[in-house]
Amino acid sequence: MLTETTKAKGLADLPPVKSDSLLELIALCNADPRPEKIDVGVGVFRDDQGKTPILKVMKEAEQRLLDTQQTKSYLGSAGDKRFTELLRPILLGEHADDDRIAGLQTPGGCGALRLGFELIATVNREARVLVGTPTWPNHPPIIKAVGLSAVEYPYYERGQGAIRFDDMLAALRSAAPGDVALLHGCCHNPTGADLDEEQWRQVRDAVIDRGLIPLVDIAYQGFGRGLEEDAYGVRLMLESCDDVIIAQSCDKNFSCYRDRVGSLWIKTGSKEATATAMAHVFQRAREMWSMPPDHGAAAAHIILEDPALHERWLVELAGMRDRINAVRQRIAAADPRLAFIGRQFGMFSMLPLSKDQVLKLREDHAIYMADSGRFNVVGMSDEQIGRFTTAVVAALNG
Ligand code: LMR
């Protein structure tokens, strides 16, 4: 007879898991029957009517795909290679022809991050990842899942709406060679507080001085200042460092969230070393998801390949960016304490509210935002902005 200590564990022995707070918030908001509810929790773009429409170019590309696709046979772990090629100039700019840089399609930006950290863990299990806090809540679990340790440093002063740049530099300068600097390419999630060009250059200098590997997470290219401007940090790292990893997402700028369209990019000091790194990347991808889902990337491929559709995508992307920036200005104008929101970029900002105040906004006003005070500036319709700012200002007044 098996004793208590030798008894094999069954699935019933699994410990409880703390649920993901953002996914929980989505479920809570969906379950709220109040018609006036305002969902500024999850990060999806919404238009002035509060809708997340499929881009017109995406609809057209999907129709073309439906009409012309001849097979759904396997493509391999790299996914749609032409899609990745078409992304090169958009993401890499003047580095597009550098043969030391290679990329592959991934399931969204999250898949790219996981794969990038897997590669780091393959080359150096001792590498630590420097993470500015607050960060996207899924960053630390991904780092932990691959067995790397994270070193957190304060990135943002919530009350001031300002980057704690001295703390950031001090953390990077005290890191060990081979450690990884996780950097937000643009439209910082969750704060909206982006490095300016001078700050990027100082970060680059610290990365080089300490022999760190920059891993740039760029999930919102085109939502901040513009497609080119938003890639400044990515391109600066490519220009200056031998080893660079870039985790990219098209889920937002093609508004195809659930289709999971992303890519991972690797740069090393030589074409040969990059080929070896990519061989590891393909192996890790094969172990985890074998091949990425095709549909969204196939449609994005059609858009990027066709000059007329490409042009229209740029126009629709500019429309989303313009709305983000216009709503930011409206919220910023509502109270001097919200002025910082008008100086930030992308979909997110973080309000200096306590968890209790956030909860009260939820209970009294049906306004759903993350406990941290992070809110999606374009989560609400135009018509809801006034009610949102009135409730937030009242909460700030205590
Ligand atoms: C967000 O931060 O709201 C998005 O990136 C959605 C997600 O997966 O967390």
# chains A, B, ... in the order shown; residues from 1 in each chain; ligands from 1

call {"tool": "residues_around", "arguments": {"residues": "region 87-96 of chain A", "least_positions_apart": "4", "cutoff": "8 Å", "atoms": "only C-alpha atoms", "output": "list in words"}}
result
Phe83, Leu227, Glu228, Ala231, Val234, Arg235, Leu238, Glu239 and Leu304 of chain A

call {"tool": "write_last_selection", "arguments": {"atoms": "N, CA and C atoms", "output": "short mmCIF file (atom, residue, chain, number, x, y, z; two decimals), in the first residue's frame"}}
result
data_model
loop_
_atom_site.label_atom_id
_atom_site.label_comp_id
_atom_site.auth_asym_id
_atom_site.auth_seq_id
_atom_site.Cartn_x
_atom_site.Cartn_y
_atom_site.Cartn_z
N PHE A 83 5.62 37.84 -45.22
CA PHE A 83 5.08 38.80 -44.24
C PHE A 83 6.24 39.42 -43.45
N LEU A 227 4.81 56.04 -37.36
CA LEU A 227 5.49 54.76 -37.57
C LEU A 227 7.01 54.90 -37.47
N GLU A 228 7.55 55.92 -38.13
CA GLU A 228 9.01 56.11 -38.13
C GLU A 228 9.50 56.54 -36.76
N ALA A 231 9.85 54.05 -33.95
CA ALA A 231 10.88 53.01 -34.07
C ALA A 231 12.26 53.56 -33.70
N VAL A 234 14.31 51.30 -31.24
CA VAL A 234 14.67 50.02 -31.88
C VAL A 234 15.87 50.24 -32.79
N ARG A 235 15.77 51.27 -33.63
CA ARG A 235 16.82 51.48 -34.64
C ARG A 235 18.12 51.96 -34.02
N LEU A 238 19.85 48.91 -32.82
CA LEU A 238 20.40 48.14 -33.94
C LEU A 238 21.67 48.79 -34.47
N GLU A 239 21.69 50.13 -34.44
CA GLU A 239 22.85 50.86 -34.95
C GLU A 239 24.06 50.68 -34.03
N LEU A 304 0.42 44.75 -46.97
CA LEU A 304 1.75 45.36 -47.12
C LEU A 304 2.31 45.17 -48.53
#

call {"tool": "residues_near_ligand", "arguments": {"ligand": "ligand 1", "cutoff": "12 Å", "atoms": "only C-alpha atoms and all ligand atoms", "output": "ChimeraX atom specification"}}
result
/A:20-26,39-45,108-111,134-139,141,187-192,217-220,249-252,257-258,260,346-349,369-370,374-379

call {"tool": "select_by_dssp", "arguments": {"residues": "region 103-260 of chain A", "states": "helix (DSSP H, G or I)", "output": "JSON, numbers by chain"}}
result
{"A": [108, 109, 110, 111, 112, 113, 114, 115, 116, 117, 118, 119, 120, 121, 122, 123, 139, 140, 141, 142, 143, 144, 145, 165, 166, 167, 168, 169, 170, 171, 172, 173, 197, 198, 199, 200, 201, 202, 203, 204, 205, 206, 207, 208, 209, 210, 227, 228, 229, 230, 232, 233, 234, 235, 236, 237, 238, 239, 240, 257, 258, 259]}

call {"tool": "residues_around", "arguments": {"residues": "Val281 (chain A)", "least_positions_apart": "4", "cutoff": "8 Å", "atoms": "only C-alpha atoms", "output": "ChimeraX atom specification"}}
result
/A:115-116,118-119,277,285

call {"tool": "atom_distance", "arguments": {"atom1": "CA of Glu316 (chain A)", "atom2": "CA of Ile245 (chain A)"}}
result
28.5 Å

call {"tool": "closest_atom_pairs", "arguments": {"of": "region 2-121 of chain A", "to": "region 291-301 of chain A", "cutoff": "9 Å", "atoms": "only C-alpha atoms", "output": "Markdown table"}}
result
| residue | atom | partner | partner_atom | distance |
| --- | --- | --- | --- | --- |
| A:Met58 | CA | A:Ala299 | CA | 6.6 |
| A:Lys59 | CA | A:Ala299 | CA | 8.7 |
| A:Glu60 | CA | A:Ala299 | CA | 8.8 |
| A:Ala61 | CA | A:Ala299 | CA | 5.3 |
| A:Glu62 | CA | A:Ala299 | CA | 5.5 |
| A:Gln63 | CA | A:Ala299 | CA | 8.9 |
| A:Arg64 | CA | A:Ala299 | CA | 8.4 |
| A:Leu65 | CA | A:Ala299 | CA | 6.6 |
| A:Lys72 | CA | A:Asp294 | CA | 8.6 |
| A:Tyr74 | CA | A:Met291 | CA | 8.0 |
| A:Leu75 | CA | A:Met291 | CA | 7.4 |
| A:Gly76 | CA | A:Met291 | CA | 5.7 |
| A:Ser77 | CA | A:Met291 | CA | 4.4 |
| A:Ala78 | CA | A:Met291 | CA | 7.0 |
| A:Gly79 | CA | A:Pro292 | CA | 5.7 |
| A:Asp80 | CA | A:Ala297 | CA | 7.0 |
| A:Arg82 | CA | A:His301 | CA | 7.0 |
| A:Phe83 | CA | A:His301 | CA | 4.7 |
| A:Thr84 | CA | A:His301 | CA | 8.3 |
| A:Leu86 | CA | A:His301 | CA | 7.1 |
| A:Leu87 | CA | A:His301 | CA | 8.7 |
| A:Gln105 | CA | A:Pro292 | CA | 6.7 |
| A:Thr106 | CA | A:Pro292 | CA | 5.4 |
| A:Pro107 | CA | A:Pro292 | CA | 5.3 |
| A:Gly108 | CA | A:Pro292 | CA | 8.8 |
| A:Gly111 | CA | A:Pro292 | CA | 9.0 |

call {"tool": "closest_residue", "arguments": {"among": "A:Asp230, A:Asp382, A:Glu85, A:Asp364", "to": "Arg323 (chain A)", "atoms": "only C-alpha atoms"}}
result
A:Asp382

call {"tool": "atom_distance", "arguments": {"atom1": "CA of Ala391 (chain A)", "atom2": "CA of Arg343 (chain A)"}}
result
21.4 Å

call {"tool": "closest_residue", "arguments": {"among": "A:Pro35, A:Gly398, A:Pro336, A:Gly262", "to": "Leu361 (chain A)", "atoms": "only C-alpha atoms"}}
result
A:Gly398
